[in-house]
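File shown: coords11.txt. Contents: compact mmCIF, C-alpha atoms.
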# COMPACT_ATOMS: atom_id res chain seq x y z
CA TYR A 19 91.43 93.79 7.25
CA SER A 20 94.04 91.70 9.05
CA THR A 21 91.31 89.60 10.69
CA TYR A 22 88.70 89.11 7.96
CA GLY A 23 90.66 89.89 4.81
CA PRO A 24 89.95 92.18 1.86
CA GLN A 25 86.66 90.46 0.96
CA ALA A 26 84.98 91.74 4.14
CA VAL A 27 86.34 95.24 3.58
CA VAL A 28 85.04 95.35 -0.01
CA PHE A 29 81.66 93.98 1.10
CA LEU A 30 81.25 96.61 3.82
CA SER A 31 82.38 99.38 1.47
CA ALA A 32 79.66 98.33 -0.97
CA ILE A 33 76.84 97.75 1.52
CA LEU A 34 77.17 100.60 4.01
CA PRO A 35 76.56 103.44 1.50
CA LEU A 36 73.29 101.76 0.51
CA THR A 37 71.93 102.26 4.03
CA ILE A 38 71.39 105.97 3.38
CA LEU A 39 69.15 105.38 0.34
CA PRO A 40 65.87 105.32 2.36
CA ILE A 41 66.72 108.71 3.83
CA THR A 42 66.86 110.32 0.39
CA TYR A 43 63.07 109.93 0.14
CA TYR A 44 62.67 112.69 2.73
CA LEU A 45 64.94 115.18 0.98
CA TRP A 46 63.06 118.29 -0.08
CA GLU A 47 63.50 119.58 -3.60
CA PRO A 48 61.51 121.94 -5.82
CA HIS A 49 59.65 120.48 -8.77
CA ASN A 50 58.78 121.79 -12.23
CA MET A 51 61.65 124.25 -12.18
CA GLU A 52 62.75 125.93 -15.37
CA ILE A 53 66.12 124.49 -16.38
CA LYS A 54 68.43 126.56 -18.54
CA SER A 55 70.06 125.02 -21.56
CA VAL A 56 73.64 123.75 -21.32
CA ARG A 57 74.84 126.64 -23.46
CA ALA A 58 73.05 129.18 -21.28
CA GLN A 59 74.54 127.68 -18.12
CA CYS A 60 78.04 127.62 -19.64
CA ASP A 61 77.60 131.27 -20.64
CA GLU A 62 76.52 132.13 -17.10
CA ILE A 63 79.53 130.32 -15.66
CA TRP A 64 81.86 132.13 -18.05
CA LYS A 65 80.44 135.47 -16.99
CA SER A 66 80.83 134.45 -13.36
CA VAL A 67 84.50 133.49 -13.57
CA CYS A 68 85.27 136.81 -15.27
CA SER A 69 84.01 138.60 -12.18
CA ARG A 70 86.57 139.61 -9.59
CA ALA A 71 84.09 138.53 -6.93
CA VAL A 72 84.64 134.96 -8.19
CA TRP A 73 88.22 134.61 -9.39
CA GLN A 74 89.75 136.47 -6.44
CA PRO A 75 88.36 134.29 -3.60
CA MET A 76 88.48 131.14 -5.73
CA GLY A 77 92.04 132.03 -6.63
CA PHE A 78 92.81 131.96 -2.93
CA VAL A 79 91.07 128.58 -2.56
CA TYR A 80 93.14 127.18 -5.41
CA ILE A 81 96.49 128.56 -4.28
CA TYR A 82 95.92 127.62 -0.66
CA ASN A 83 94.99 124.04 -1.46
CA VAL A 84 97.88 123.60 -3.89
CA LEU A 85 100.23 124.64 -1.09
CA GLN A 86 98.88 121.95 1.24
CA VAL A 87 101.58 119.55 0.05
CA GLY A 88 101.75 116.48 2.24
CA ASN A 89 104.72 114.35 3.17
CA ALA A 90 104.14 111.34 0.91
CA ALA A 91 106.80 109.31 2.72
CA TRP A 92 105.28 109.74 6.18
CA ARG A 93 103.14 106.59 6.16
CA GLU A 94 106.16 104.55 5.15
CA PHE A 95 108.09 106.01 8.08
CA LEU A 96 105.29 105.08 10.49
CA ARG A 97 105.13 101.56 9.12
CA SER A 98 108.80 100.73 8.51
CA VAL A 99 110.55 102.65 11.31
CA LEU A 100 107.99 102.96 14.10
CA GLY A 101 106.43 99.59 13.32
CA PHE A 102 102.83 100.74 13.13
CA THR A 103 100.53 97.86 12.27
CA ALA A 104 97.75 97.98 9.69
CA ASN A 105 95.23 98.27 12.54
CA GLN A 106 97.06 101.26 14.01
CA LEU A 107 97.24 103.01 10.65
CA ASN A 108 93.54 102.38 10.10
CA THR A 109 92.84 103.69 13.59
CA LEU A 110 94.66 106.90 12.70
CA LEU A 111 92.45 107.19 9.62
CA ILE A 112 89.23 106.59 11.56
CA VAL A 113 90.16 109.11 14.25
CA ALA A 114 91.08 111.59 11.53
CA TYR A 115 87.60 111.30 9.96
CA VAL A 116 85.94 111.73 13.35
CA LEU A 117 88.01 114.83 14.08
CA LEU A 118 87.22 116.17 10.62
CA TYR A 119 83.52 116.02 11.51
CA LEU A 120 84.17 117.56 14.93
CA GLY A 121 86.06 120.37 13.21
CA VAL A 122 83.00 121.14 11.10
CA LEU A 123 80.84 121.21 14.25
CA ALA A 124 83.40 123.39 16.03
CA TYR A 125 83.14 126.02 13.31
CA LYS A 126 79.35 125.85 13.21
CA TYR A 127 78.89 126.32 16.96
CA TYR A 128 81.98 128.24 18.09
CA PHE A 129 83.87 129.92 15.24
CA ILE A 130 81.09 130.94 12.86
CA THR A 131 81.30 134.57 13.98
CA TRP A 132 85.05 134.71 13.33
CA SER A 133 86.47 136.38 10.27
CA TRP A 134 87.29 133.94 7.47
CA ARG A 135 90.77 135.40 7.29
CA THR A 136 91.26 134.92 11.01
CA ILE A 137 90.09 131.32 10.69
CA TYR A 138 92.52 130.54 7.90
CA ILE A 139 95.49 132.37 9.37
CA SER A 140 95.11 130.83 12.84
CA THR A 141 94.41 127.31 11.60
CA THR A 142 97.27 127.44 9.08
CA LEU A 143 99.75 128.48 11.74
CA LEU A 144 98.41 125.81 14.09
CA ASN A 145 98.71 123.21 11.33
CA GLY A 146 102.30 124.32 10.75
CA PHE A 147 103.03 123.81 14.43
CA LEU A 148 101.48 120.34 14.43
CA SER A 149 103.39 119.39 11.28
CA ALA A 150 106.62 120.55 12.89
CA LEU A 151 105.95 118.10 15.72
CA GLN A 152 106.62 115.34 13.22
CA VAL A 153 110.27 116.35 13.44
CA LEU A 154 110.19 115.44 17.14
CA LEU A 155 108.68 112.07 16.31
CA ILE A 156 111.45 111.44 13.78
CA THR A 157 114.11 112.25 16.37
CA GLY A 158 112.38 110.09 18.98
CA ILE A 159 111.32 112.95 21.29
CA THR A 160 107.78 112.08 22.35
CA PHE A 161 107.82 113.40 25.95
CA GLY A 162 107.21 109.96 27.39
CA LEU A 163 104.24 109.18 25.14
CA SER A 164 104.12 106.18 22.88
CA PRO A 165 104.81 106.97 19.21
CA PHE A 166 101.23 105.99 18.35
CA ILE A 167 99.68 108.42 20.85
CA PHE A 168 102.10 111.15 19.79
CA ALA A 169 101.19 110.54 16.13
CA LEU A 170 97.53 111.05 17.04
CA GLY A 171 98.40 114.56 18.17
CA ASP A 172 100.70 115.74 15.39
CA ASP A 173 99.11 113.94 12.45
CA VAL A 174 95.42 113.34 13.03
CA PHE A 175 94.58 116.75 14.49
CA ALA A 176 95.43 118.27 11.12
CA ASP A 177 92.08 116.87 9.95
CA PHE A 178 90.32 118.68 12.78
CA ILE A 179 91.81 121.89 11.39
CA SER A 180 90.64 120.96 7.88
CA GLY A 181 87.14 120.51 9.28
CA ILE A 182 87.17 124.03 10.70
CA GLN A 183 88.23 125.39 7.29
CA PHE A 184 85.59 123.40 5.39
CA LEU A 185 82.44 125.41 6.12
CA PRO A 186 83.85 128.90 5.35
CA THR A 187 84.95 127.65 1.94
CA THR A 188 81.58 126.00 1.29
CA ILE A 189 79.61 129.08 2.38
CA MET A 190 81.73 131.24 0.12
CA MET A 191 81.26 128.99 -2.92
CA VAL A 192 77.49 128.85 -2.39
CA HIS A 193 77.24 132.65 -2.42
CA LEU A 194 79.30 132.85 -5.61
CA CYS A 195 76.81 130.79 -7.63
CA PRO A 196 74.72 132.84 -10.09
CA THR A 197 70.95 132.46 -9.95
CA GLY A 198 69.65 129.80 -12.29
CA SER A 199 72.96 127.97 -12.67
CA GLU A 200 73.64 127.08 -9.07
CA GLY A 201 74.27 123.39 -9.67
CA ALA A 202 76.69 123.80 -12.57
CA SER A 203 78.49 126.72 -10.92
CA TYR A 204 78.90 124.97 -7.58
CA ALA A 205 80.16 121.86 -9.37
CA MET A 206 82.79 123.97 -11.12
CA PHE A 207 83.87 125.68 -7.90
CA THR A 208 84.24 122.36 -6.12
CA THR A 209 86.18 121.10 -9.15
CA VAL A 210 88.62 123.98 -8.65
CA HIS A 211 88.95 123.01 -4.99
CA ASN A 212 89.44 119.32 -5.76
CA ALA A 213 91.77 119.97 -8.69
CA ALA A 214 94.04 121.97 -6.41
CA GLY A 215 94.07 119.14 -3.89
CA THR A 216 94.84 116.59 -6.60
CA LEU A 217 97.68 118.75 -7.94
CA SER A 218 99.01 119.10 -4.41
CA GLY A 219 99.12 115.32 -4.13
CA ALA A 220 100.96 115.09 -7.45
CA ILE A 221 103.51 117.63 -6.23
CA SER A 222 104.03 115.68 -3.01
CA THR A 223 104.88 112.65 -5.14
CA LEU A 224 107.42 114.62 -7.14
CA LEU A 225 109.08 115.85 -3.95
CA LEU A 226 109.97 112.27 -3.04
CA GLY A 227 112.82 112.38 -5.54
CA ILE A 228 114.65 115.28 -3.89
CA TRP A 229 116.05 113.28 -0.97
CA ASP A 230 116.38 109.58 -0.27
CA VAL A 231 113.25 108.63 1.63
CA SER A 232 113.08 105.06 0.39
CA LYS A 233 112.16 102.19 2.67
CA GLN A 234 115.73 100.95 2.51
CA ALA A 235 117.08 104.27 3.75
CA LEU A 236 114.54 104.49 6.56
CA VAL A 237 115.13 100.93 7.74
CA SER A 238 118.90 101.48 7.71
CA GLY A 239 118.49 104.44 10.08
CA ASP A 240 119.04 107.25 7.57
CA TYR A 241 116.38 109.76 8.57
CA SER A 242 117.98 112.85 7.00
CA GLY A 243 115.79 112.64 3.91
CA ILE A 244 112.49 112.27 5.78
CA MET A 245 113.57 115.06 8.14
CA LYS A 246 114.29 117.49 5.30
CA LEU A 247 111.12 116.53 3.45
CA THR A 248 109.03 117.09 6.58
CA ILE A 249 110.52 120.55 7.12
CA LEU A 250 110.03 121.45 3.44
CA THR A 251 106.37 120.37 3.30
CA THR A 252 105.65 122.15 6.59
CA CYS A 253 107.08 125.39 5.24
CA ILE A 254 105.14 125.06 1.98
CA GLN A 255 101.87 124.45 3.83
CA THR A 256 102.41 127.45 6.09
CA CYS A 257 103.01 129.75 3.09
CA GLY A 258 99.25 129.79 2.56
CA VAL A 259 98.91 132.58 5.15
CA PHE A 260 100.54 135.02 2.73
CA PHE A 261 97.56 134.75 0.38
CA CYS A 262 94.80 135.26 2.95
CA GLY A 263 94.43 138.86 1.79
CA LEU A 264 92.64 137.53 -1.30
CA LEU A 265 89.96 136.01 0.90
CA PRO A 266 86.96 138.15 1.93
CA ALA A 267 86.74 138.64 5.66
CA ASN A 268 83.18 137.34 5.83
CA LYS A 269 79.97 136.80 3.90
CA ASP A 270 79.06 140.49 3.99
CA GLU A 271 82.38 141.51 2.46
CA LEU A 272 81.92 138.88 -0.24
CA ILE A 273 78.48 140.29 -1.05
CA THR A 274 79.94 143.81 -1.16
CA LEU A 275 82.69 142.67 -3.51
CA ASN A 276 80.09 140.99 -5.69
CA ASN A 277 77.93 144.12 -5.81
CA ASN A 278 80.90 146.34 -6.63
CA THR A 279 81.99 144.17 -9.53
CA ASN A 280 78.48 143.65 -10.90
CA GLY A 281 77.00 147.11 -11.07
CA ASP A 282 75.39 148.13 -14.35
CA ASN A 283 77.94 146.31 -16.53
CA ARG A 284 77.69 142.97 -14.85
CA TYR A 285 80.55 140.45 -14.95
CA SER A 286 82.68 142.65 -17.23
CA THR A 287 85.59 142.92 -14.82
CA SER A 288 88.23 140.80 -16.52
CA LYS A 289 88.00 138.27 -19.32
CA VAL A 290 91.72 137.67 -18.86
CA GLY A 291 91.04 136.67 -15.26
CA GLY A 292 88.35 134.26 -16.43
CA VAL A 293 90.65 132.68 -19.02
CA ILE A 294 93.45 132.27 -16.47
CA PHE A 295 91.02 130.85 -13.92
CA LEU A 296 89.67 128.18 -16.27
CA SER A 297 93.05 127.43 -17.86
CA VAL A 298 94.72 126.82 -14.52
CA THR A 299 91.85 124.61 -13.42
CA PHE A 300 91.85 122.35 -16.47
CA LEU A 301 95.64 122.23 -16.74
CA SER A 302 95.82 121.18 -13.08
CA ILE A 303 93.37 118.35 -13.73
CA ALA A 304 95.33 117.26 -16.82
CA TYR A 305 98.65 117.32 -14.97
CA ALA A 306 97.29 115.39 -12.01
CA ILE A 307 95.92 112.74 -14.38
CA PHE A 308 99.29 112.59 -16.15
CA VAL A 309 101.19 112.07 -12.89
CA GLY A 310 98.69 109.46 -11.70
CA VAL A 311 98.94 107.47 -14.92
CA ARG A 312 102.75 107.67 -14.95
CA ASN A 313 102.88 106.46 -11.34
CA ILE A 314 100.89 103.39 -12.40
CA ILE A 315 102.65 102.48 -15.63
CA ALA A 316 106.17 103.62 -14.68
CA PRO A 317 106.68 103.62 -10.88
CA GLY A 318 109.67 105.70 -9.84
CA TRP A 319 109.72 107.80 -13.03
CA SER A 320 110.09 111.04 -11.05
CA GLY A 321 113.08 109.77 -9.10
CA GLU A 322 111.40 108.47 -5.95
CA SER A 323 112.19 105.02 -4.63
Turn this file's structure into C-alpha cells for me.
Amino acid sequence: YSTYGPQAVVFLSAILPLTILPITYYLWEPHNMEIKSVRAQCDEIWKSVCSRAVWQPMGFVYIYNVLQVGNAAWREFLRSVLGFTANQLNTLLIVAYVLLYLGVLAYKYYFITWSWRTIYISTTLLNGFLSALQVLLITGITFGLSPFIFALGDDVFADFISGIQFLPTTIMMVHLCPTGSEGASYAMFTTVHNAAGTLSGAISTLLLGIWDVSKQALVSGDYSGIMKLTILTTCIQTCGVFFCGLLPANKDELITLNNNTNGDNRYSTSKVGGVIFLSVTFLSIAYAIFVGVRNIIAPGWSGES
C-alpha cells in the first residue's frame, strides 16, 4: 500500500479471487435433485431450532462468540505508541491468516480425536494467557524482544487458536442440518455464528467509552485506559469456558442428543427455545447494523474518542 498506493491494492483484491473460477468446473455436485419449496424449508428449519439438539449447541456457539470481545483500541496503541508502520500492521494480518490456516490443519491432523469440550476449554485458557501478554507489551516488558516480534506472539497466535476451534464448530453445524434442507439450515447456523461475532465487535466499540483510550491519551503517555480495557476484554473472552458444558463432547454425543430429542415426536422439545433462538439471532443482527450505521453517521456517539 505504501509503495504502490490504494489503486494496486484494489486491483489485486478484484483480480485474485477470479483465479479460482477455473477450479470450480471440477467441483462435484448432484444434479436433478428434488428441491423443497421455500415454505417447506422454513418449516423444517423451524422444527430444527425447536430441538434441544440444535438450540443447545448453537446456543453455546452464540454465547461463546459474543464473549470474544476484542480490544478495539489495540491497533491504535500499536500504531501511535509503538510506532508500527502500515507494512508491519499488514504483516501481522498476513501472519494471522497463515496461522489461522495452520490451526485448521493442526486440528485435522493432531487434535481431531480430542473432545470438543477439551478443545474449547484448553484453547480458551491459552487465548486468555496470550491476551494477558498484551499487558506486558503495554508496560514495555518484552524480555529483550522487539515490540513487533513480541506482538507476533501475543496477538497473532490468537488466530492459530481460532483455526483450531473452526473445524469442531463446522462439523457440529453440518450434523445439525436436517435432510433435504441442508443448504438453508447450514446458512442459518453460520448466520448465528457470524451474528454473534458481529455483535461482539459492536460491544467492543461500546467499551471504548468506559476509559480514555483516545489517541491523544496514548500519545501523552496515559496507558491506564488501554491497560484496563485489555484486562477487561481478556476476562470477558475467558468467561467462555463456563459455557462449555452446553457443547457436546464429540460427534457421537451430538448424534445421541439428536436421537434422544427426536424420538417418535420429532422436534417437539421446545417451541420457546426455538423462538428465543431466532429472536436473539435477528435482534443481534439488527443491533450490529444499528451500531455500524451510527458509527458512520455519528462517530463518537457511544462516548469513545
Spatial neighbours of Val122 in chain A, 12 Å, all atoms listed in the file, chain gap at least 6 places, as a PDB file with C-alpha atoms, keeping the file's coordinate frame:
ATOM      1  CA  TYR A 115      87.600 111.300   9.960  1.00  0.00           C
ATOM      2  CA  VAL A 116      85.940 111.730  13.350  1.00  0.00           C
ATOM      3  CA  TYR A 128      81.980 128.240  18.090  1.00  0.00           C
ATOM      4  CA  PHE A 129      83.870 129.920  15.240  1.00  0.00           C
ATOM      5  CA  ILE A 130      81.090 130.940  12.860  1.00  0.00           C
ATOM      6  CA  ASP A 177      92.080 116.870   9.950  1.00  0.00           C
ATOM      7  CA  PHE A 178      90.320 118.680  12.780  1.00  0.00           C
ATOM      8  CA  ILE A 179      91.810 121.890  11.390  1.00  0.00           C
ATOM      9  CA  SER A 180      90.640 120.960   7.880  1.00  0.00           C
ATOM     10  CA  GLY A 181      87.140 120.510   9.280  1.00  0.00           C
ATOM     11  CA  ILE A 182      87.170 124.030  10.700  1.00  0.00           C
ATOM     12  CA  GLN A 183      88.230 125.390   7.290  1.00  0.00           C
ATOM     13  CA  PHE A 184      85.590 123.400   5.390  1.00  0.00           C
ATOM     14  CA  LEU A 185      82.440 125.410   6.120  1.00  0.00           C
ATOM     15  CA  PRO A 186      83.850 128.900   5.350  1.00  0.00           C
ATOM     16  CA  THR A 187      84.950 127.650   1.940  1.00  0.00           C
ATOM     17  CA  THR A 188      81.580 126.000   1.290  1.00  0.00           C
TER      18      THR A 188
END
- prompt: Rounded to one decimal in Å, what is the spacing between CA of Ala32 in chain A and CA of Asn313 in chain A?
  reply: 26.7 Å
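CA of Trp73 in chain A lies 20.0 Å from CA of Ala58 in chain A.
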- request: Choose the residue, out of A:Leu36, A:Val67, A:Val79, A:Leu110, that has the smallest atom-to-atom separation from Leu264 in chain A; count only C-alpha atoms.
  value: A:Val79
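Considering the residues A:Phe207, A:Trp229, A:Trp132, A:Tyr82 and counting only C-alpha atoms, Gly243 in chain A has its shortest atom-to-atom contact with A:Trp229.
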Where does range 88-116 of chain A meet range 149-165 of chain A within 10 Å, residue by residue, with the nearest atom pair and distance in Å to one decimal for each, counting all atoms listed in the file, listed by chain and rising number, as a tab-separated table?
residue	atom	partner	partner_atom	distance
A:Gly88	CA	A:Ser149	CA	9.6
A:Asn89	CA	A:Ser149	CA	9.6
A:Trp92	CA	A:Gln152	CA	9.1
A:Phe95	CA	A:Ile156	CA	8.6
A:Leu96	CA	A:Pro165	CA	8.9
A:Val99	CA	A:Ile156	CA	9.2
A:Leu100	CA	A:Pro165	CA	7.2
A:Gly101	CA	A:Pro165	CA	9.6
A:Phe102	CA	A:Pro165	CA	8.9
Computed interatomic separation between CA of Met51 in chain A and CA of Ser69 in chain A (Å): 26.6 Å
Provide range 42-62 of chain A rebuilt to N, CA, C and O atoms, formatted as a JSON list (two decimals), in the coordinates of the input.
[["chain", "number", "residue", "atom", "x", "y", "z"],
["A", 42, "THR", "N", 66.99, 109.38, 1.50],
["A", 42, "THR", "CA", 66.86, 110.32, 0.39],
["A", 42, "THR", "C", 65.39, 110.60, 0.03],
["A", 42, "THR", "O", 65.09, 111.61, -0.60],
["A", 43, "TYR", "N", 64.49, 109.72, 0.42],
["A", 43, "TYR", "CA", 63.07, 109.93, 0.14],
["A", 43, "TYR", "C", 62.55, 111.19, 0.83],
["A", 43, "TYR", "O", 61.63, 111.85, 0.33],
["A", 44, "TYR", "N", 63.16, 111.56, 1.95],
["A", 44, "TYR", "CA", 62.67, 112.69, 2.73],
["A", 44, "TYR", "C", 63.38, 114.00, 2.37],
["A", 44, "TYR", "O", 63.12, 115.04, 2.98],
["A", 45, "LEU", "N", 64.27, 113.95, 1.40],
["A", 45, "LEU", "CA", 64.94, 115.18, 0.98],
["A", 45, "LEU", "C", 63.97, 116.08, 0.24],
["A", 45, "LEU", "O", 63.25, 115.63, -0.66],
["A", 46, "TRP", "N", 63.97, 117.36, 0.59],
["A", 46, "TRP", "CA", 63.06, 118.29, -0.08],
["A", 46, "TRP", "C", 63.74, 118.84, -1.32],
["A", 46, "TRP", "O", 64.93, 119.17, -1.31],
["A", 47, "GLU", "N", 62.98, 118.97, -2.40],
["A", 47, "GLU", "CA", 63.50, 119.58, -3.60],
["A", 47, "GLU", "C", 62.35, 120.18, -4.38],
["A", 47, "GLU", "O", 61.25, 119.64, -4.39],
["A", 48, "PRO", "N", 62.58, 121.33, -5.02],
["A", 48, "PRO", "CA", 61.51, 121.94, -5.82],
["A", 48, "PRO", "C", 61.25, 121.15, -7.09],
["A", 48, "PRO", "O", 62.16, 120.50, -7.62],
["A", 49, "HIS", "N", 60.03, 121.20, -7.57],
["A", 49, "HIS", "CA", 59.65, 120.48, -8.77],
["A", 49, "HIS", "C", 59.20, 121.46, -9.85],
["A", 49, "HIS", "O", 58.85, 122.62, -9.57],
["A", 50, "ASN", "N", 59.22, 121.00, -11.08],
["A", 50, "ASN", "CA", 58.78, 121.79, -12.23],
["A", 50, "ASN", "C", 59.53, 123.11, -12.34],
["A", 50, "ASN", "O", 58.96, 124.15, -12.68],
["A", 51, "MET", "N", 60.81, 123.06, -12.05],
["A", 51, "MET", "CA", 61.65, 124.25, -12.18],
["A", 51, "MET", "C", 62.11, 124.40, -13.63],
["A", 51, "MET", "O", 62.34, 123.42, -14.33],
["A", 52, "GLU", "N", 62.23, 125.66, -14.03],
["A", 52, "GLU", "CA", 62.75, 125.93, -15.37],
["A", 52, "GLU", "C", 64.26, 125.67, -15.38],
["A", 52, "GLU", "O", 65.00, 126.22, -14.56],
["A", 53, "ILE", "N", 64.71, 124.85, -16.29],
["A", 53, "ILE", "CA", 66.12, 124.49, -16.38],
["A", 53, "ILE", "C", 66.72, 125.15, -17.61],
["A", 53, "ILE", "O", 66.21, 124.97, -18.73],
["A", 54, "LYS", "N", 67.78, 125.90, -17.41],
["A", 54, "LYS", "CA", 68.43, 126.56, -18.54],
["A", 54, "LYS", "C", 69.15, 125.54, -19.41],
["A", 54, "LYS", "O", 69.53, 124.45, -18.95],
["A", 55, "SER", "N", 69.34, 125.89, -20.65],
["A", 55, "SER", "CA", 70.06, 125.02, -21.56],
["A", 55, "SER", "C", 71.53, 124.94, -21.14],
["A", 55, "SER", "O", 72.03, 125.77, -20.38],
["A", 56, "VAL", "N", 72.22, 123.91, -21.65],
["A", 56, "VAL", "CA", 73.64, 123.75, -21.32],
["A", 56, "VAL", "C", 74.43, 124.97, -21.76],
["A", 56, "VAL", "O", 75.30, 125.46, -21.05],
["A", 57, "ARG", "N", 74.11, 125.47, -22.96],
["A", 57, "ARG", "CA", 74.84, 126.64, -23.46],
["A", 57, "ARG", "C", 74.60, 127.85, -22.58],
["A", 57, "ARG", "O", 75.53, 128.62, -22.30],
["A", 58, "ALA", "N", 73.36, 128.04, -22.13],
["A", 58, "ALA", "CA", 73.05, 129.18, -21.28],
["A", 58, "ALA", "C", 73.77, 129.07, -19.94],
["A", 58, "ALA", "O", 74.28, 130.08, -19.41],
["A", 59, "GLN", "N", 73.84, 127.86, -19.39],
["A", 59, "GLN", "CA", 74.54, 127.68, -18.12],
["A", 59, "GLN", "C", 76.04, 127.89, -18.29],
["A", 59, "GLN", "O", 76.68, 128.49, -17.42],
["A", 60, "CYS", "N", 76.61, 127.40, -19.40],
["A", 60, "CYS", "CA", 78.04, 127.62, -19.64],
["A", 60, "CYS", "C", 78.34, 129.11, -19.80],
["A", 60, "CYS", "O", 79.36, 129.61, -19.32],
["A", 61, "ASP", "N", 77.42, 129.83, -20.47],
["A", 61, "ASP", "CA", 77.60, 131.27, -20.64],
["A", 61, "ASP", "C", 77.54, 131.97, -19.30],
["A", 61, "ASP", "O", 78.31, 132.90, -19.03],
["A", 62, "GLU", "N", 76.64, 131.53, -18.44],
["A", 62, "GLU", "CA", 76.52, 132.13, -17.10],
["A", 62, "GLU", "C", 77.77, 131.86, -16.27],
["A", 62, "GLU", "O", 78.26, 132.73, -15.54]]
